[in-house]
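Comments concern the structure below.
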Amino acid sequence: MQSDITSRNEKLHVGIIMDGNGRWATRRGLSRLRGHEAGVETIRRIVEAAPKQGIGTLTLYAFSTDNWRRPKAEVAALMTLLRFYLANEVQSLVKNGVRLSVIGRRDRLPDGIAAAIARAEAATADGRTLHVRIAVDYSAREAILNAAAKAAALTSLTREAFSQLVTGEAGLRDVDLIIRTSGEKRLSDFLLWEGAYAELHFTERMWPEFDAGDLAEALAAFHNRERRFGGLQAILPGEVPSLSQV
């Protein structure tokens, strides 16, 4: 078991597969759009709670590459919500010291969204309290494939260098914990490289229902696990090796 002091002082990287918006709404006789709107409210709650619970980086799976196969009306509604979030949350993020990044492809997003993303990233670039990464038009396998194509031009390659090619960011902490809501138990092409040694936590709670207490429960379970990274002895959070060391 990890010590409480070490757990509190070490800032974790947590990834969340935000699943269940549509089912939450359907069970209440609401439109799927209303479920996605409720999901945005949950993002606000979790972004506020995350730094208080020892999280330094939070990666949220908002829209996968495969989600383009959903009905056009639902995709359009999701893109409208993304526009709304980018237009209305930046001031709050800056105030609270939150840095925002968006990972995934941008060339297929509707007109104006890529520019809005760039503006939001620039405005929040100095945030140090929490780094929020939102995955949009994202595929982990595609990210790895693209990194491999870039690596082909290099004369030498390390895991650390390849990790930067995959994530687009130097020094990004590997994912410590991946949470999936709604009871489903699969990764769905999310953070396959960064999450190579991530602990997994699955909850029956739908994403619109998820709150700070649920996050605390997932983190409590995480802190009670022994992470060995292929060895025989448990490794404390401050001693976690990067993918270049394992």
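We name chains A, B, ... following the order of the structure tokens; residues begin at 1 in each chain, and ligands are numbered from 1 as shown.
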
Please provide as a list in words all residues within 8 Å of Ala143 of chain A, with the sequence filter that same-chain residues fewer than 6 positions apart are discarded (counting only C-alpha atoms).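 After dropping sequence-adjacent residues, the list is Gly104, Val166 and Thr167 of chain A.
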
I need the chosen residues saved as a PDB file, in the first residue's frame, with N, CA and C atoms.
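Output file selection.pdb is given in full below:
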```
ATOM      1  N   GLY A 104      -5.701  14.626 -30.839  1.00  0.00           N
ATOM      2  CA  GLY A 104      -6.474  14.014 -31.909  1.00  0.00           C
ATOM      3  C   GLY A 104      -6.381  14.852 -33.175  1.00  0.00           C
ATOM      4  N   VAL A 166       4.256  10.134 -30.134  1.00  0.00           N
ATOM      5  CA  VAL A 166       2.875   9.660 -29.962  1.00  0.00           C
ATOM      6  C   VAL A 166       2.003  10.744 -29.346  1.00  0.00           C
ATOM      7  N   THR A 167       2.503  11.360 -28.283  1.00  0.00           N
ATOM      8  CA  THR A 167       1.689  12.301 -27.503  1.00  0.00           C
ATOM      9  C   THR A 167       1.774  13.732 -28.019  1.00  0.00           C
TER      10      THR A 167
END
```

Using only C-alpha atoms, determine which residues lie at most 8 Å from Leu200 of chain A, disregarding the query and same-chain residues fewer than 5 positions distant; provide the list as number ranges by chain. A: 177-179

Taking all heavy atoms for each residue, export the selection above as a short mmCIF file (atom, residue, chain, number, x, y, z; two decimals), in the first residue's frame.
```
data_model
loop_
_atom_site.label_atom_id
_atom_site.label_comp_id
_atom_site.auth_asym_id
_atom_site.auth_seq_id
_atom_site.Cartn_x
_atom_site.Cartn_y
_atom_site.Cartn_z
N LEU A 177 -3.90 6.00 -14.04
CA LEU A 177 -5.21 5.40 -13.82
C LEU A 177 -6.14 5.76 -14.97
O LEU A 177 -6.22 6.92 -15.36
CB LEU A 177 -5.79 5.92 -12.50
CG LEU A 177 -7.25 5.56 -12.16
CD1 LEU A 177 -7.39 4.05 -11.93
CD2 LEU A 177 -7.73 6.34 -10.94
N ILE A 178 -6.84 4.75 -15.49
CA ILE A 178 -7.88 4.98 -16.48
C ILE A 178 -9.22 4.58 -15.87
O ILE A 178 -9.37 3.45 -15.38
CB ILE A 178 -7.63 4.20 -17.78
CG1 ILE A 178 -6.37 4.73 -18.48
CG2 ILE A 178 -8.83 4.28 -18.72
CD1 ILE A 178 -6.00 3.96 -19.74
N ILE A 179 -10.17 5.49 -15.90
CA ILE A 179 -11.51 5.26 -15.37
C ILE A 179 -12.48 5.18 -16.55
O ILE A 179 -12.41 6.00 -17.46
CB ILE A 179 -11.94 6.41 -14.43
CG1 ILE A 179 -10.97 6.53 -13.26
CG2 ILE A 179 -13.38 6.20 -13.94
CD1 ILE A 179 -11.17 7.81 -12.44
#
```

Skip segment 25-40 of chain A itself and residues of its chain fewer than 6 positions away, then list as a PDB file with N, CA, C and O atoms, in the first residue's frame all residues within 8 Å of it, counting only C-alpha atoms.
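Output file result-v1.pdb is given in full below:
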```
ATOM      1  N   MET A  18     -15.438   8.878 -20.848  1.00  0.00           N
ATOM      2  CA  MET A  18     -16.701   9.451 -20.363  1.00  0.00           C
ATOM      3  C   MET A  18     -17.871   8.787 -21.103  1.00  0.00           C
ATOM      4  O   MET A  18     -18.368   9.295 -22.102  1.00  0.00           O
ATOM      5  N   GLU A  74     -26.494  13.610 -34.242  1.00  0.00           N
ATOM      6  CA  GLU A  74     -25.824  13.515 -32.950  1.00  0.00           C
ATOM      7  C   GLU A  74     -24.399  14.064 -33.042  1.00  0.00           C
ATOM      8  O   GLU A  74     -23.939  14.762 -32.133  1.00  0.00           O
ATOM      9  N   ALA A  77     -24.538  17.761 -33.019  1.00  0.00           N
ATOM     10  CA  ALA A  77     -24.833  18.267 -31.675  1.00  0.00           C
ATOM     11  C   ALA A  77     -23.584  18.228 -30.794  1.00  0.00           C
ATOM     12  O   ALA A  77     -23.328  19.163 -30.021  1.00  0.00           O
ATOM     13  N   LEU A  78     -22.802  17.172 -30.912  1.00  0.00           N
ATOM     14  CA  LEU A  78     -21.565  17.072 -30.133  1.00  0.00           C
ATOM     15  C   LEU A  78     -20.581  18.164 -30.519  1.00  0.00           C
ATOM     16  O   LEU A  78     -19.916  18.748 -29.655  1.00  0.00           O
ATOM     17  N   LEU A  81     -21.647  21.372 -28.958  1.00  0.00           N
ATOM     18  CA  LEU A  81     -21.264  21.411 -27.545  1.00  0.00           C
ATOM     19  C   LEU A  81     -19.780  21.721 -27.383  1.00  0.00           C
ATOM     20  O   LEU A  81     -19.383  22.436 -26.460  1.00  0.00           O
ATOM     21  N   TYR A  85     -18.253  24.808 -25.331  1.00  0.00           N
ATOM     22  CA  TYR A  85     -17.279  24.646 -24.246  1.00  0.00           C
ATOM     23  C   TYR A  85     -16.070  25.541 -24.484  1.00  0.00           C
ATOM     24  O   TYR A  85     -15.612  26.240 -23.572  1.00  0.00           O
ATOM     25  N   TRP A 207     -21.759   8.661 -16.971  1.00  0.00           N
ATOM     26  CA  TRP A 207     -20.948   9.862 -16.868  1.00  0.00           C
ATOM     27  C   TRP A 207     -21.712  11.055 -16.300  1.00  0.00           C
ATOM     28  O   TRP A 207     -21.168  11.790 -15.454  1.00  0.00           O
ATOM     29  N   PRO A 208     -22.957  11.333 -16.695  1.00  0.00           N
ATOM     30  CA  PRO A 208     -23.653  12.485 -16.106  1.00  0.00           C
ATOM     31  C   PRO A 208     -23.845  12.366 -14.589  1.00  0.00           C
ATOM     32  O   PRO A 208     -24.081  13.383 -13.922  1.00  0.00           O
TER      33      PRO A 208
END
```

Show which residues sit within 10 Å of Pro51 of chain A, as a ChimeraX atom specification. Count only C-alpha atoms, and ignore same-chain residues fewer than 2 positions away. /A:11-12,46-49,53-58,98,129-131

Write the selection just made, keeping C-alpha atoms, as a JSON list (two decimals), in the first residue's frame?
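out.json, written as the output of this step:
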```json
[["chain", "number", "residue", "atom", "x", "y", "z"],
["A", 11, "LYS", "CA", 0.42, 14.56, -9.00],
["A", 12, "LEU", "CA", -1.16, 11.79, -11.03],
["A", 46, "ILE", "CA", -14.45, 16.84, -12.29],
["A", 47, "VAL", "CA", -12.08, 19.53, -13.55],
["A", 48, "GLU", "CA", -12.78, 21.45, -10.34],
["A", 49, "ALA", "CA", -12.33, 18.37, -8.13],
["A", 53, "GLN", "CA", -7.54, 15.01, -5.23],
["A", 54, "GLY", "CA", -3.92, 14.96, -6.34],
["A", 55, "ILE", "CA", -4.39, 14.93, -10.12],
["A", 56, "GLY", "CA", -2.00, 16.99, -12.22],
["A", 57, "THR", "CA", -3.04, 15.80, -15.68],
["A", 58, "LEU", "CA", -6.55, 14.78, -16.69],
["A", 98, "VAL", "CA", -6.06, 25.10, -15.80],
["A", 129, "THR", "CA", -2.84, 23.83, -11.35],
["A", 130, "LEU", "CA", -4.14, 21.19, -13.75],
["A", 131, "HIS", "CA", -3.51, 20.10, -17.32]]
```

What parts of segment 1-238 of chain A does DSSP call helix (DSSP H, G or I)? I'd like the answer as a ChimeraX atom specification. /A:4-9,21-27,32-49,51-53,65-69,72-88,90-95,113-123,140-151,159-167,207-209,212-223,237-238

Given the selection you just returned, output its residues as a file containing C-alpha atoms, formatted as a tab-separated table (two decimals), in the first residue's frame.
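Saved as result28.tsv:
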```tsv
chain	number	residue	atom	x	y	z
A	4	ASP	CA	-0.65	8.74	2.38
A	5	ILE	CA	2.06	11.43	2.27
A	6	THR	CA	3.52	10.19	-1.00
A	7	SER	CA	0.05	9.81	-2.50
A	8	ARG	CA	-0.92	13.37	-1.62
A	9	ASN	CA	2.30	14.92	-2.90
A	21	ASN	CA	-24.45	10.06	-21.70
A	22	GLY	CA	-26.97	8.67	-24.18
A	23	ARG	CA	-28.13	5.79	-21.97
A	24	TRP	CA	-28.47	8.12	-18.98
A	25	ALA	CA	-30.78	10.35	-21.02
A	26	THR	CA	-32.76	7.53	-22.62
A	27	ARG	CA	-33.54	5.97	-19.25
A	32	ARG	CA	-29.44	11.87	-26.24
A	33	LEU	CA	-28.44	15.51	-26.71
A	34	ARG	CA	-29.65	16.27	-23.20
A	35	GLY	CA	-27.39	13.49	-21.99
A	36	HIS	CA	-24.39	15.05	-23.70
A	37	GLU	CA	-25.28	18.45	-22.22
A	38	ALA	CA	-25.37	16.84	-18.76
A	39	GLY	CA	-22.00	15.29	-19.54
A	40	VAL	CA	-20.50	18.75	-20.05
A	41	GLU	CA	-21.71	19.71	-16.57
A	42	THR	CA	-19.89	16.67	-15.22
A	43	ILE	CA	-16.69	17.78	-16.93
A	44	ARG	CA	-16.92	21.05	-15.01
A	45	ARG	CA	-17.35	19.19	-11.70
A	46	ILE	CA	-14.45	16.84	-12.29
A	47	VAL	CA	-12.08	19.53	-13.55
A	48	GLU	CA	-12.78	21.45	-10.34
A	49	ALA	CA	-12.33	18.37	-8.13
A	51	PRO	CA	-6.49	19.16	-8.40
A	52	LYS	CA	-7.89	18.77	-4.89
A	53	GLN	CA	-7.54	15.01	-5.23
A	65	THR	CA	-12.36	8.62	-34.53
A	66	ASP	CA	-14.95	5.84	-34.70
A	67	ASN	CA	-17.65	8.18	-33.35
A	68	TRP	CA	-17.95	9.74	-36.81
A	69	ARG	CA	-20.12	6.70	-37.60
A	72	LYS	CA	-25.14	12.93	-38.34
A	73	ALA	CA	-27.52	14.83	-36.07
A	74	GLU	CA	-25.82	13.51	-32.95
A	75	VAL	CA	-22.34	14.28	-34.31
A	76	ALA	CA	-23.45	17.81	-35.18
A	77	ALA	CA	-24.83	18.27	-31.67
A	78	LEU	CA	-21.56	17.07	-30.13
A	79	MET	CA	-19.61	19.52	-32.25
A	80	THR	CA	-21.94	22.32	-31.17
A	81	LEU	CA	-21.26	21.41	-27.54
A	82	LEU	CA	-17.54	21.46	-28.22
A	83	ARG	CA	-17.85	24.95	-29.72
A	84	PHE	CA	-19.86	26.04	-26.67
A	85	TYR	CA	-17.28	24.65	-24.25
A	86	LEU	CA	-14.39	26.34	-26.03
A	87	ALA	CA	-16.24	29.65	-26.16
A	88	ASN	CA	-17.55	29.71	-22.60
A	90	VAL	CA	-11.76	29.48	-21.19
A	91	GLN	CA	-12.14	32.38	-18.78
A	92	SER	CA	-12.93	29.99	-15.93
A	93	LEU	CA	-10.01	27.73	-16.86
A	94	VAL	CA	-7.59	30.66	-16.86
A	95	LYS	CA	-8.92	31.89	-13.52
A	113	ILE	CA	-13.41	24.59	-34.31
A	114	ALA	CA	-9.68	24.05	-34.95
A	115	ALA	CA	-9.12	27.81	-34.67
A	116	ALA	CA	-11.17	27.92	-31.45
A	117	ILE	CA	-9.06	25.10	-30.04
A	118	ALA	CA	-5.86	26.97	-30.86
A	119	ARG	CA	-7.16	30.13	-29.17
A	120	ALA	CA	-8.18	28.21	-26.05
A	121	GLU	CA	-4.83	26.45	-25.85
A	122	ALA	CA	-2.96	29.75	-26.20
A	123	ALA	CA	-5.11	31.49	-23.60
A	140	ALA	CA	-4.62	5.75	-29.98
A	141	ARG	CA	-3.76	3.29	-32.74
A	142	GLU	CA	-3.69	6.12	-35.28
A	143	ALA	CA	-1.47	8.18	-32.98
A	144	ILE	CA	0.96	5.27	-32.69
A	145	LEU	CA	0.88	4.65	-36.44
A	146	ASN	CA	1.61	8.32	-37.17
A	147	ALA	CA	4.45	8.28	-34.65
A	148	ALA	CA	5.92	5.20	-36.32
A	149	ALA	CA	5.86	6.96	-39.69
A	150	LYS	CA	7.74	9.93	-38.23
A	151	ALA	CA	10.19	7.64	-36.43
A	159	ARG	CA	11.11	4.95	-25.95
A	160	GLU	CA	11.15	8.47	-24.56
A	161	ALA	CA	11.53	9.99	-28.03
A	162	PHE	CA	8.84	7.74	-29.45
A	163	SER	CA	6.53	8.68	-26.59
A	164	GLN	CA	6.92	12.33	-27.56
A	165	LEU	CA	6.01	11.46	-31.14
A	166	VAL	CA	2.87	9.66	-29.96
A	167	THR	CA	1.69	12.30	-27.50
A	207	TRP	CA	-20.95	9.86	-16.87
A	208	PRO	CA	-23.65	12.48	-16.11
A	209	GLU	CA	-23.94	10.94	-12.61
A	212	ALA	CA	-16.15	14.16	-6.96
A	213	GLY	CA	-17.08	11.33	-4.61
A	214	ASP	CA	-16.86	8.79	-7.43
A	215	LEU	CA	-13.49	10.20	-8.44
A	216	ALA	CA	-12.27	9.93	-4.85
A	217	GLU	CA	-13.47	6.32	-4.70
A	218	ALA	CA	-11.55	5.45	-7.87
A	219	LEU	CA	-8.41	7.12	-6.52
A	220	ALA	CA	-8.74	5.36	-3.16
A	221	ALA	CA	-8.86	2.02	-4.96
A	222	PHE	CA	-5.84	3.07	-7.03
A	223	HIS	CA	-3.81	4.01	-3.95
A	237	PRO	CA	4.25	7.08	-7.12
A	238	GLY	CA	7.42	9.18	-6.93
```

One decimal, in Å: what's the spacing between atom CA of Ala135 of chain A and atom CA of Arg186 of chain A?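 One can read the atom CA of Ala135 of chain A to atom CA of Arg186 of chain A distance as 16.7 Å.
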
DSSP strand (DSSP E or B) residues within segment 25-224 of chain A, listed as a VMD selection string: chain A and resid 55 to 64 98 to 103 130 to 138 177 to 180 199 to 202

I'd like the interatomic distance between atom CA of Asn224 of chain A and atom CA of Tyr197 of chain A, to a tenth of an Å. 15.7 Å

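Residue nearest Ile16 of chain A, chosen from A:Leu100, A:Ala196, A:Leu109, A:Val132 and counting only C-alpha atoms: A:Val132.
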
Can you pull out every residue within 8 Å of Arg105 of chain A, counting only C-alpha atoms, but drop anything in the same chain fewer than 4 positions away, and send it as a VMD selection string? chain A and resid 109 136 to 138

Keeping only all heavy atoms, write the selected residues as a PDB file, in the first residue's frame.
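Now in out.pdb:
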```
ATOM      1  N   LEU A 109     -12.569  18.404 -38.318  1.00  0.00           N
ATOM      2  CA  LEU A 109     -13.544  19.102 -37.486  1.00  0.00           C
ATOM      3  C   LEU A 109     -14.252  20.186 -38.299  1.00  0.00           C
ATOM      4  O   LEU A 109     -13.679  20.745 -39.228  1.00  0.00           O
ATOM      5  CB  LEU A 109     -12.852  19.735 -36.280  1.00  0.00           C
ATOM      6  CG  LEU A 109     -12.167  18.764 -35.316  1.00  0.00           C
ATOM      7  CD1 LEU A 109     -11.466  19.537 -34.209  1.00  0.00           C
ATOM      8  CD2 LEU A 109     -13.161  17.772 -34.730  1.00  0.00           C
ATOM      9  N   VAL A 136     -10.340  14.520 -28.999  1.00  0.00           N
ATOM     10  CA  VAL A 136     -11.395  14.760 -29.993  1.00  0.00           C
ATOM     11  C   VAL A 136     -10.917  14.229 -31.343  1.00  0.00           C
ATOM     12  O   VAL A 136      -9.806  14.549 -31.776  1.00  0.00           O
ATOM     13  CB  VAL A 136     -11.728  16.267 -30.102  1.00  0.00           C
ATOM     14  CG1 VAL A 136     -12.776  16.495 -31.181  1.00  0.00           C
ATOM     15  CG2 VAL A 136     -12.207  16.815 -28.764  1.00  0.00           C
ATOM     16  N   ASP A 137     -11.768  13.466 -32.022  1.00  0.00           N
ATOM     17  CA  ASP A 137     -11.369  12.754 -33.246  1.00  0.00           C
ATOM     18  C   ASP A 137     -10.055  12.034 -32.970  1.00  0.00           C
ATOM     19  O   ASP A 137      -9.061  12.171 -33.696  1.00  0.00           O
ATOM     20  CB  ASP A 137     -11.235  13.700 -34.440  1.00  0.00           C
ATOM     21  CG  ASP A 137     -11.182  12.933 -35.774  1.00  0.00           C
ATOM     22  OD1 ASP A 137     -11.229  11.692 -35.757  1.00  0.00           O
ATOM     23  OD2 ASP A 137     -11.077  13.595 -36.824  1.00  0.00           O
ATOM     24  N   TYR A 138     -10.062  11.257 -31.898  1.00  0.00           N
ATOM     25  CA  TYR A 138      -8.846  10.639 -31.370  1.00  0.00           C
ATOM     26  C   TYR A 138      -8.881   9.132 -31.533  1.00  0.00           C
ATOM     27  O   TYR A 138      -9.899   8.478 -31.291  1.00  0.00           O
ATOM     28  CB  TYR A 138      -8.689  10.988 -29.887  1.00  0.00           C
ATOM     29  CG  TYR A 138      -7.564  10.238 -29.210  1.00  0.00           C
ATOM     30  CD1 TYR A 138      -6.253  10.705 -29.289  1.00  0.00           C
ATOM     31  CD2 TYR A 138      -7.813   9.064 -28.513  1.00  0.00           C
ATOM     32  CE1 TYR A 138      -5.216  10.016 -28.676  1.00  0.00           C
ATOM     33  CE2 TYR A 138      -6.783   8.373 -27.894  1.00  0.00           C
ATOM     34  CZ  TYR A 138      -5.486   8.846 -27.981  1.00  0.00           C
ATOM     35  OH  TYR A 138      -4.463   8.150 -27.384  1.00  0.00           O
TER      36      TYR A 138
END
```

One decimal, in Å: what's the spacing between atom CA of Glu204 of chain A and atom CA of Ala62 of chain A?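 Computed distance, atom CA of Glu204 of chain A to atom CA of Ala62 of chain A, equals 18.4 Å.
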